[in-house]
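Trainee: Data: run.cif, mmCIF, C-alpha atoms.
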data_entry
#
loop_
_atom_site.label_atom_id
_atom_site.label_comp_id
_atom_site.auth_asym_id
_atom_site.auth_seq_id
_atom_site.Cartn_x
_atom_site.Cartn_y
_atom_site.Cartn_z
CA MET S 30 0.00 0.00 0.00
CA THR S 31 1.42 3.40 -0.99
CA PRO S 32 1.42 6.38 1.36
CA LEU S 33 -1.34 7.86 -0.71
CA GLU S 34 -3.42 4.72 -0.42
CA ARG S 35 -2.92 4.77 3.31
CA ALA S 36 -3.90 8.42 3.38
CA GLY S 37 -7.02 7.68 1.40
CA LYS S 38 -8.20 5.32 4.08
CA ASN S 39 -8.20 8.20 6.53
CA CYS S 40 -10.71 10.15 4.49
CA SER S 41 -14.17 9.46 5.69
CA THR S 42 -17.32 10.07 3.79
CA ARG S 43 -19.98 12.14 5.53
CA PRO S 44 -20.45 10.85 9.07
CA ARG S 45 -23.69 9.11 9.81
CA PRO S 46 -25.97 10.97 12.19
CA SER S 47 -26.08 9.80 15.73
CA ALA S 48 -29.42 8.82 17.20
CA GLY S 49 -31.64 11.86 17.53
CA GLY S 50 -29.22 14.08 15.59
CA ALA S 51 -27.51 15.21 18.82
CA SER S 52 -24.91 17.93 18.36
CA ILE S 53 -21.62 18.51 20.07
CA PRO S 54 -21.88 21.74 22.09
CA ALA S 55 -20.14 24.72 20.57
CA HIS S 56 -17.76 25.08 23.52
CA LEU S 57 -16.10 21.81 22.54
CA GLY S 58 -14.71 23.67 19.57
CA HIS S 59 -16.03 22.34 16.31
CA SER S 60 -15.86 24.82 13.44
CA TYR S 61 -17.56 25.69 10.16
CA LEU S 62 -15.40 26.99 7.33
CA ASP S 63 -16.18 27.91 3.76
CA LEU S 64 -13.32 26.30 1.84
CA HIS S 65 -13.81 27.96 -1.55
CA ALA S 66 -14.02 31.71 -2.14
CA HIS S 67 -12.73 34.32 -4.59
CA SER S 68 -12.21 38.04 -4.12
CA THR S 69 -11.58 41.15 -6.18
CA ASP S 70 -8.02 41.14 -4.85
CA ALA S 71 -6.93 38.41 -7.25
CA SER S 72 -9.82 36.88 -9.20
CA ASP S 73 -10.89 38.95 -12.18
CA ASP S 74 -14.38 37.44 -12.27
CA ALA S 75 -15.14 38.26 -8.62
CA GLY S 76 -17.16 41.20 -7.34
CA GLY S 77 -16.74 40.61 -3.62
CA THR S 78 -14.03 42.20 -1.50
CA VAL S 79 -12.49 40.45 1.49
CA GLU S 80 -13.82 43.14 3.82
CA GLY S 81 -17.23 42.80 2.17
CA TYR S 82 -17.19 39.10 2.99
CA LEU S 83 -16.23 39.86 6.59
CA LYS S 84 -19.05 42.38 7.02
CA TRP S 85 -21.52 39.95 5.49
CA ILE S 86 -20.46 37.16 7.83
CA VAL S 87 -20.94 39.44 10.82
CA ALA S 88 -24.44 40.29 9.52
CA ARG S 89 -25.23 36.59 9.02
CA ARG S 90 -24.09 35.78 12.54
CA ARG S 91 -26.59 38.32 13.87
CA LYS S 92 -29.29 36.24 12.21
CA GLY S 93 -28.13 33.10 13.99
CA TYR S 94 -25.98 31.50 11.31
CA ARG S 95 -22.56 30.22 12.18
CA ILE S 96 -19.67 30.86 9.82
CA ASP S 97 -16.28 30.74 11.50
CA GLY S 98 -14.18 31.63 8.49
CA PHE S 99 -13.31 31.07 4.89
CA VAL S 100 -10.43 30.16 2.63
CA LEU S 101 -9.58 32.43 -0.28
CA THR S 102 -8.85 30.19 -3.22
CA GLU S 103 -8.08 32.66 -5.97
CA HIS S 104 -7.93 31.45 -9.54
CA ARG S 105 -4.57 30.22 -10.88
CA GLN S 106 -2.31 32.02 -8.42
CA PHE S 107 -0.94 32.13 -4.92
CA ASP S 108 0.81 35.15 -3.46
CA PRO S 109 2.66 34.09 -0.30
CA GLY S 110 3.06 37.71 0.78
CA LEU S 111 -0.63 38.43 1.24
CA ASP S 112 -1.87 38.47 4.83
CA TYR S 113 -5.41 39.21 5.93
CA GLY S 114 -4.74 38.51 9.60
CA THR S 115 -5.22 42.06 10.89
CA LEU S 116 -8.39 42.66 8.91
CA ALA S 117 -9.82 39.27 9.83
CA ALA S 118 -9.12 39.86 13.52
CA GLN S 119 -11.13 43.11 13.41
CA TYR S 120 -14.20 41.09 12.49
CA GLY S 121 -13.48 37.94 14.49
CA VAL S 122 -13.43 35.77 11.39
CA THR S 123 -10.74 33.32 10.27
CA VAL S 124 -9.36 34.03 6.79
CA LEU S 125 -7.01 31.48 5.28
CA ARG S 126 -5.51 31.15 1.82
CA GLY S 127 -5.19 28.44 -0.77
CA ALA S 128 -5.64 28.41 -4.54
CA GLU S 129 -7.90 27.04 -7.24
CA VAL S 130 -5.78 25.65 -10.04
CA GLU S 131 -6.91 24.26 -13.37
CA THR S 132 -5.97 20.78 -14.54
CA ASP S 133 -6.67 18.41 -17.39
CA ALA S 134 -9.39 16.86 -15.21
CA GLY S 135 -11.10 19.97 -13.91
CA HIS S 136 -10.37 22.54 -11.25
CA VAL S 137 -8.58 21.63 -8.03
CA LEU S 138 -8.51 23.42 -4.68
CA VAL S 139 -5.11 23.31 -3.00
CA TYR S 140 -4.51 24.09 0.67
CA GLY S 141 -1.11 24.39 2.33
CA ILE S 142 0.77 25.69 -0.70
CA ASP S 143 4.48 26.26 -0.22
CA ALA S 144 7.41 27.22 -2.42
CA ARG S 145 7.96 23.63 -3.50
CA PHE S 146 4.47 23.48 -4.95
CA THR S 147 4.76 26.81 -6.79
CA ARG S 148 8.16 25.77 -8.15
CA ALA S 149 6.74 22.46 -9.37
CA PHE S 150 3.77 23.98 -11.20
CA ASP S 151 3.03 27.08 -13.20
CA LEU S 152 -0.23 27.95 -11.48
CA ALA S 153 -1.33 30.06 -14.45
CA ASP S 154 -1.34 26.95 -16.64
CA VAL S 155 -4.94 25.93 -17.36
CA ALA S 156 -4.11 22.28 -18.07
CA LEU S 157 -1.91 21.07 -15.23
CA PRO S 158 -1.58 17.28 -14.89
CA TYR S 159 -4.29 16.52 -12.34
CA ALA S 160 -2.77 13.40 -10.80
CA GLU S 161 0.53 15.19 -10.26
CA VAL S 162 -1.23 18.12 -8.62
CA PHE S 163 -3.04 15.86 -6.14
CA ARG S 164 0.08 13.82 -5.46
CA ALA S 165 2.39 16.83 -5.06
CA ALA S 166 -0.02 18.70 -2.80
CA ARG S 167 0.14 15.85 -0.29
CA GLU S 168 3.86 15.24 -0.76
CA PHE S 169 4.64 18.91 -0.08
CA GLY S 170 2.57 19.01 3.09
CA GLY S 171 -0.72 20.23 1.73
CA PHE S 172 -4.04 18.80 0.61
CA ALA S 173 -5.91 18.92 -2.70
CA VAL S 174 -9.63 18.64 -3.39
CA GLY S 175 -11.46 18.24 -6.69
CA ALA S 176 -13.48 21.47 -7.01
CA HIS S 177 -17.18 21.55 -8.00
CA ALA S 178 -16.72 17.91 -8.92
CA GLY S 179 -20.13 17.45 -10.51
CA ARG S 180 -19.96 20.29 -13.01
CA PRO S 181 -19.51 19.66 -16.72
CA ARG S 182 -15.92 20.04 -17.99
CA ILE S 183 -14.49 21.81 -14.93
CA GLY S 184 -15.44 19.05 -12.46
CA ILE S 185 -13.67 15.73 -12.23
CA ALA S 186 -16.80 13.51 -12.37
CA GLU S 187 -17.26 14.07 -16.10
CA HIS S 188 -13.63 13.11 -16.74
CA VAL S 189 -14.10 9.92 -14.74
CA ALA S 190 -17.30 9.07 -16.61
CA GLN S 191 -16.11 9.93 -20.09
CA ARG S 192 -12.40 9.15 -20.02
CA GLY S 193 -12.21 6.73 -17.14
CA ILE S 194 -9.43 8.66 -15.43
CA SER S 195 -7.96 7.21 -12.24
CA LEU S 196 -8.78 8.60 -8.81
CA GLU S 197 -5.73 6.98 -7.27
CA HIS S 198 -4.27 10.19 -5.90
CA VAL S 199 -7.59 11.88 -5.15
CA GLU S 200 -8.64 11.96 -1.51
CA ALA S 201 -11.52 14.39 -1.46
CA LEU S 202 -14.04 16.19 -3.64
CA GLU S 203 -16.05 19.35 -3.21
CA GLN S 204 -19.45 17.70 -3.08
CA LEU S 205 -21.38 20.77 -1.97
CA ASN S 206 -20.54 23.79 -4.10
CA GLY S 207 -22.53 27.00 -3.86
CA GLY S 208 -22.32 27.65 -7.59
CA SER S 209 -23.38 24.18 -8.68
CA SER S 210 -26.91 22.98 -9.31
CA VAL S 211 -28.59 20.43 -7.10
CA ALA S 212 -28.00 17.75 -9.75
CA GLU S 213 -24.32 18.68 -10.10
CA ASN S 214 -23.79 18.47 -6.35
CA ALA S 215 -25.58 15.12 -6.27
CA ARG S 216 -23.27 13.86 -8.99
CA ALA S 217 -20.24 14.94 -6.98
CA ALA S 218 -21.57 13.33 -3.80
CA ALA S 219 -22.27 10.08 -5.64
CA LEU S 220 -18.73 9.95 -6.99
CA ALA S 221 -17.24 10.66 -3.55
CA SER S 222 -19.41 8.01 -1.98
CA ALA S 223 -18.64 5.41 -4.64
CA HIS S 224 -14.90 5.83 -4.16
CA GLY S 225 -14.82 6.42 -0.41
CA LEU S 226 -13.55 9.98 -0.80
CA GLY S 227 -13.99 12.83 1.62
CA GLY S 228 -16.54 15.51 0.77
CA ILE S 229 -16.06 19.19 1.52
CA GLY S 230 -18.39 22.15 1.15
CA GLY S 231 -17.51 25.56 -0.29
CA SER S 232 -19.51 28.50 -1.52
CA ASP S 233 -17.35 29.27 -4.57
CA ALA S 234 -18.31 32.83 -3.68
CA HIS S 235 -17.51 35.49 -6.23
CA PHE S 236 -19.93 37.97 -4.68
CA VAL S 237 -20.49 38.95 -1.08
CA ASN S 238 -23.89 37.36 -0.51
CA ALA S 239 -22.63 33.91 -1.45
CA ILE S 240 -19.92 33.63 1.19
CA GLY S 241 -20.62 30.79 3.60
CA ARG S 242 -23.58 29.36 1.68
CA CYS S 243 -21.87 25.99 1.73
CA LEU S 244 -19.47 25.01 4.48
CA THR S 245 -17.26 22.27 5.81
CA ALA S 246 -17.70 21.19 9.42
CA PHE S 247 -14.64 20.15 11.42
CA ARG S 248 -14.50 18.52 14.81
CA ARG S 249 -11.91 20.96 16.11
CA PRO S 250 -11.24 24.69 15.76
CA VAL S 251 -9.45 25.54 12.52
CA THR S 252 -7.69 28.89 12.61
CA SER S 253 -4.57 28.25 10.54
CA ILE S 254 -3.79 26.65 7.22
CA GLU S 255 -1.70 24.04 9.02
CA ALA S 256 -4.66 23.08 11.19
CA LEU S 257 -6.89 22.96 8.12
CA VAL S 258 -4.56 20.58 6.30
CA GLU S 259 -4.26 18.45 9.43
CA GLU S 260 -8.04 18.16 9.75
CA LEU S 261 -8.50 17.40 6.07
CA ARG S 262 -5.84 14.72 6.24
CA ALA S 263 -7.47 13.26 9.33
CA GLY S 264 -10.69 12.98 7.35
CA GLU S 265 -13.06 14.08 10.09
CA TYR S 266 -15.17 16.63 8.26
CA HIS S 267 -18.33 16.88 6.26
CA ALA S 268 -20.13 19.30 3.99
CA LEU S 269 -23.19 21.24 5.03
CA ARG S 270 -25.33 24.20 4.03
CA VAL S 271 -25.33 27.35 6.12
CA GLU S 272 -28.97 26.78 7.09
CA GLU S 273 -27.81 23.67 8.94
CA THR S 274 -25.75 25.82 11.30
CA LEU S 275 -28.86 27.43 12.78
CA PRO S 276 -29.24 26.15 16.33
CA GLN S 277 -32.85 25.07 15.77
CA ALA S 278 -31.89 23.10 12.65
CA VAL S 279 -29.21 21.12 14.47
CA HIS S 280 -31.27 20.54 17.60
CA ALA S 281 -34.24 19.41 15.57
CA GLY S 282 -32.03 16.91 13.83
CA GLU S 283 -32.95 18.30 10.42
CA SER S 284 -29.44 18.32 9.14
CA GLY S 285 -28.71 14.70 9.85
CA ASN S 286 -25.28 15.79 11.04
CA ALA S 287 -23.77 14.65 14.28
CA TRP S 288 -21.83 17.93 14.62
CA MET C 9 -43.14 54.80 -6.00
CA PRO C 10 -42.21 55.36 -2.33
CA ALA C 11 -38.92 57.02 -1.52
CA ARG C 12 -36.11 54.91 -0.10
CA TYR C 13 -33.93 56.60 2.49
CA PHE C 14 -30.34 55.74 3.29
CA ASP C 15 -31.11 55.98 7.01
CA ASP C 16 -33.49 52.99 6.77
CA VAL C 17 -31.13 50.62 4.96
CA GLN C 18 -29.15 47.88 6.72
CA ILE C 19 -26.63 45.30 5.58
CA GLY C 20 -28.57 42.13 4.91
CA ASP C 21 -31.71 43.86 3.58
CA GLU C 22 -33.08 41.81 0.71
CA LEU C 23 -35.49 42.38 -2.13
CA GLU C 24 -36.83 39.74 -4.44
CA GLU C 25 -39.01 39.42 -7.53
CA HIS C 26 -39.97 36.49 -9.71
CA SER C 27 -39.95 36.30 -13.47
CA ALA C 28 -40.19 33.64 -16.16
CA PRO C 29 -39.45 35.42 -19.44
CA GLY C 30 -40.70 33.53 -22.47
CA ARG C 31 -40.74 33.94 -26.23
CA GLU C 32 -43.31 36.75 -26.21
CA ASP C 33 -41.34 38.68 -23.61
CA VAL C 34 -38.16 38.33 -25.63
CA LEU C 35 -39.94 39.49 -28.76
CA GLN C 36 -41.29 42.50 -26.86
CA PHE C 37 -37.79 43.27 -25.63
CA PHE C 38 -36.37 43.22 -29.13
CA THR C 39 -39.27 45.28 -30.42
CA ALA C 40 -38.82 47.88 -27.70
CA THR C 41 -35.06 48.12 -27.91
CA SER C 42 -34.13 47.38 -31.50
CA GLY C 43 -37.21 47.92 -33.60
CA ALA C 44 -39.77 45.38 -34.76
CA GLY C 45 -38.54 42.38 -36.69
CA ARG C 46 -34.99 42.44 -35.33
CA MET C 47 -35.34 39.09 -33.55
CA ASP C 48 -33.85 36.56 -35.95
CA PRO C 49 -36.25 33.58 -36.01
CA ASP C 50 -33.29 31.32 -36.76
CA GLY C 51 -31.07 32.79 -34.05
CA ILE C 52 -30.25 31.57 -30.56
CA PHE C 53 -32.91 33.79 -28.98
CA ALA C 54 -35.77 32.21 -30.93
CA SER C 55 -34.71 28.91 -32.46
CA GLU C 56 -34.49 25.70 -30.46
CA GLU C 57 -32.10 24.23 -32.97
CA ALA C 58 -29.78 27.22 -33.08
CA ALA C 59 -29.65 27.36 -29.28
CA ARG C 60 -28.81 23.69 -28.99
CA ARG C 61 -26.02 24.11 -31.52
CA VAL C 62 -24.25 26.42 -29.06
CA GLY C 63 -24.88 24.16 -26.08
CA ALA C 64 -28.00 25.74 -24.54
CA GLU C 65 -31.03 23.69 -23.61
CA GLY C 66 -33.36 25.98 -25.56
CA PRO C 67 -33.75 29.50 -26.97
CA MET C 68 -32.03 31.96 -24.71
CA VAL C 69 -33.05 35.18 -23.05
CA PRO C 70 -30.73 37.93 -24.35
CA GLY C 71 -28.17 39.22 -21.91
CA GLY C 72 -29.40 42.77 -22.45
CA MET C 73 -32.86 41.74 -21.35
CA SER C 74 -31.53 40.06 -18.21
CA PHE C 75 -29.53 43.18 -17.51
CA ALA C 76 -32.66 45.30 -17.92
CA LEU C 77 -34.68 43.09 -15.58
CA ILE C 78 -32.12 43.23 -12.81
CA SER C 79 -31.58 46.95 -13.37
CA ARG C 80 -35.30 47.60 -12.91
CA LEU C 81 -35.30 45.59 -9.70
CA VAL C 82 -32.66 47.90 -8.25
CA THR C 83 -34.05 51.19 -9.55
CA ASP C 84 -37.58 50.35 -8.37
CA TRP C 85 -36.13 49.63 -4.92
CA ALA C 86 -34.06 52.84 -4.93
CA GLY C 87 -37.16 54.94 -5.60
CA MET C 88 -37.55 58.18 -7.52
CA GLU C 89 -34.88 60.03 -5.55
CA GLY C 90 -32.36 57.20 -5.60
CA ARG C 91 -29.58 57.12 -8.17
CA LEU C 92 -28.07 54.01 -9.71
CA ASP C 93 -24.36 54.80 -9.85
CA SER C 94 -23.13 51.51 -11.27
CA LEU C 95 -24.30 48.04 -12.21
CA ASP C 96 -21.62 45.46 -12.91
CA ILE C 97 -22.97 42.16 -14.20
CA SER C 98 -21.36 38.80 -14.89
CA PHE C 99 -23.21 36.35 -17.15
CA ARG C 100 -22.26 32.85 -15.98
CA ARG C 101 -24.81 30.52 -17.58
CA PRO C 102 -27.50 30.82 -20.25
CA ILE C 103 -31.07 31.70 -19.28
CA VAL C 104 -33.54 29.73 -21.33
CA HIS C 105 -37.09 30.79 -22.28
CA GLY C 106 -39.50 29.91 -19.50
CA ASP C 107 -36.85 29.52 -16.79
CA GLY C 108 -38.47 30.42 -13.49
CA LEU C 109 -36.16 33.04 -12.04
CA ARG C 110 -35.75 34.64 -8.66
CA LEU C 111 -34.36 38.15 -9.09
CA VAL C 112 -32.61 39.07 -5.88
CA ALA C 113 -30.75 42.11 -4.58
CA LEU C 114 -29.10 42.19 -1.15
CA VAL C 115 -27.51 45.10 0.65
CA THR C 116 -23.91 44.10 1.37
CA ASP C 117 -22.35 47.40 2.45
CA THR C 118 -23.23 50.99 3.23
CA ASP C 119 -21.17 54.17 3.13
CA PRO C 120 -22.64 56.74 5.51
CA ALA C 121 -20.39 59.53 4.27
CA ALA C 122 -21.67 59.23 0.71
CA ALA C 123 -25.13 57.84 1.54
CA SER C 124 -24.34 55.08 -0.92
CA VAL C 125 -25.37 51.46 -0.73
CA LYS C 126 -23.67 48.46 -2.32
CA LEU C 127 -25.87 45.57 -3.35
CA ASP C 128 -25.22 42.11 -4.71
CA VAL C 129 -27.67 41.20 -7.43
CA TYR C 130 -28.34 37.83 -8.99
CA MET C 131 -30.85 35.67 -10.79
CA GLU C 132 -31.42 32.13 -9.57
CA ASN C 133 -33.20 29.45 -11.56
CA ALA C 134 -35.16 26.44 -10.33
CA ARG C 135 -32.05 24.27 -10.60
CA GLY C 136 -30.33 26.37 -7.98
CA GLU C 137 -27.96 27.92 -10.52
CA ARG C 138 -27.15 31.62 -10.64
CA PRO C 139 -26.81 32.46 -14.33
CA LEU C 140 -26.39 36.18 -13.64
CA GLN C 141 -24.52 37.75 -10.75
CA GLY C 142 -23.19 41.20 -10.10
CA THR C 143 -23.03 44.25 -7.94
CA ALA C 144 -24.83 47.58 -7.93
CA VAL C 145 -24.06 50.85 -6.19
CA VAL C 146 -26.92 53.20 -5.41
CA THR C 147 -26.96 56.63 -3.78
CA LEU C 148 -30.04 57.32 -1.68
CA PRO C 149 -31.49 60.48 -0.15
CA ARG C 150 -31.24 61.04 3.58
CA ARG C 151 -34.22 61.71 5.78
CA GLY C 152 -34.59 65.34 6.65
CA PRO C 153 -33.73 66.65 10.14
#
Written as structure tokens, that's how I'd like the structure from this file.
Mentor:
Amino acid sequence: MTPLERAGKNCSTRPRPSAGGASIPAHLGHSYLDLHAHSTDASDDAGGTVEGYLKWIVARRRKGYRIDGFVLTEHRQFDPGLDYGTLAAQYGVTVLRGAEVETDAGHVLVYGIDARFTRAFDLADVALPYAEVFRAAREFGGFAVGAHAGRPRIGIAEHVAQRGISLEHVEALEQLNGGSSVAENARAAALASAHGLGGIGGSDAHFVNAIGRCLTAFRRPVTSIEALVEELRAGEYHALRVEETLPQAVHAGESGNAW
Amino acid sequence: MPARYFDDVQIGDELEEHSAPGREDVLQFFTATSGAGRMDPDGIFASEEAARRVGAEGPMVPGGMSFALISRLVTDWAGMEGRLDSLDISFRRPIVHGDGLRLVALVTDTDPAAASVKLDVYMENARGERPLQGTAVVTLPRRGP
């Protein structure tokens, strides 16, 4: 068994609900992060600013929703010098950074990017070798996820169905994407389930109102990119919609999530 | 049309309309904006076959018409004394005749110094897709002292 195969066994699919849909109390530190967002700072098709996202999250919290933070995954680039820490702290929101790169099997979200990864790949290339991207992300201490996996052309499911590409190095898919249709998300979830892959949630926000629409729940607090990669590698996460973070939704067991 | 005052607007305020533009609506749009007879019966806005050739599921609603619909949503909300300063739209998927659409605008930021309001605008279809998304900036009057 290769290291990647071993790693794949750590990736759970969505946890089954416990009896009665009981939730872990917030003070035990689980967290809800939006793992896919774009901003005007670096994505030319985005209309949302980082501060706009932060203000919106604060407004959503007032209405009872829980969004702990988000990961900026700008298109085809990663600037290691950017730091939103001071701004994020003003609003009490975690802001982390990854990238959305484009491969010959659809788009891929990469977390924990370092200089080795940016030396290995030209992130502006729109046809990177997908298997190498997944493999290198893990090898260099990060984690890669197939973005909006159920969408035509830019999601990996179509490449699996039409070209029979291997998922050997793939550990997780974005199975709940805020820009995808219900059918496209169902297609992504089916592929993840069939192959025992993890499933994350991300809004794919390009505009302020979309931030946090789809989230990933983690068992522990995630406030750094290192912690995010650690949790993704551990495989204890699941995708959910923001409506499922409302206290009444969780307590009523509507979400079917254990946490 | 009632006036909308900057003092009454909050981040998170939302307005919504519903629309399902069909062939007649598209024809009316072309007639009103380009003159009668400008809608090509064999083009992507009228012909099933032509639309399918470019990958759409059916004849499409012109982008200009979508833009007009979302523009009206915002200007109606802003009222007679409001001013639409900018409307920046991104067309992300085709809108097909008969698509049931939610037209939504949400207040995402306010600038008290300028009495201006930033809104996100989008259209959402029954499949949960957002074929049109964008932002608008509106300046509103203040309530008197």
Trainee: Define the interface residues of chain C facing chain S as those within 7 Å, counting only C-alpha atoms, and report them as a ChimeraX atom specification.
Mentor: /C:19-20,116-117,128,135-138,142-143
Trainee: For atom CA of S:Leu205 and atom CA of S:His267, quote the distance in Å rounded to one decimal.
Mentor: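 If I compute the distance from atom CA of S:Leu205 to atom CA of S:His267, I get 9.6 Å.
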Trainee: Find the residue from C:Asp96, C:Pro153, C:Val69, C:Met131 that sits nearest to C:Ile52; use all atoms listed in the file when measuring.
Mentor: C:Val69
Trainee: Identify all residues satisfying the PyMOL selection byres ((chain S and resi 156) around 9) in the given file; provide them as a PyMOL selection string.
Mentor: chain S and resi 130-135+154-155+157-159
Trainee: Could you state the separation of atom CA of S:Thr245 and atom CA of S:Ala173 in Å, given to one decimal place?
Mentor: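 Calculated distance between atom CA of S:Thr245 and atom CA of S:Ala173 is 14.6 Å.
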Trainee: Distance atom CA of S:Phe146-atom CA of S:Val162, one decimal place?
Mentor: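 Between atom CA of S:Phe146 and atom CA of S:Val162 the gap is 8.6 Å.
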Trainee: Would you kindly translate the PyMOL selection byres ((chain C and resi 13-16) around 6) into the concrete residues it picks from this file, as number ranges by chain?
Mentor: C: 12, 17, 123, 148-150
Trainee: List the neighbours of C:Leu114 out to 6 Å using all atoms listed in the file; skip same-chain residues closer than 4 positions along the sequence, and give me the result as a ChimeraX atom specification.
Mentor: /C:21-22,127-128
Trainee: On this structure, which residues satisfy the PyMOL selection byres ((chain S and resi 102) around 10), written as a VMD selection string?
Mentor: chain S and resid 64 to 68 71 to 72 99 to 101 103 to 107 125 to 130 137 to 140 233 to 234
Trainee: Calculated over all atoms listed in the file, which of the candidates C:Gly72, C:Pro102, C:Gly152, C:Pro67 has the smallest distance to C:Arg31?
Mentor: C:Pro67
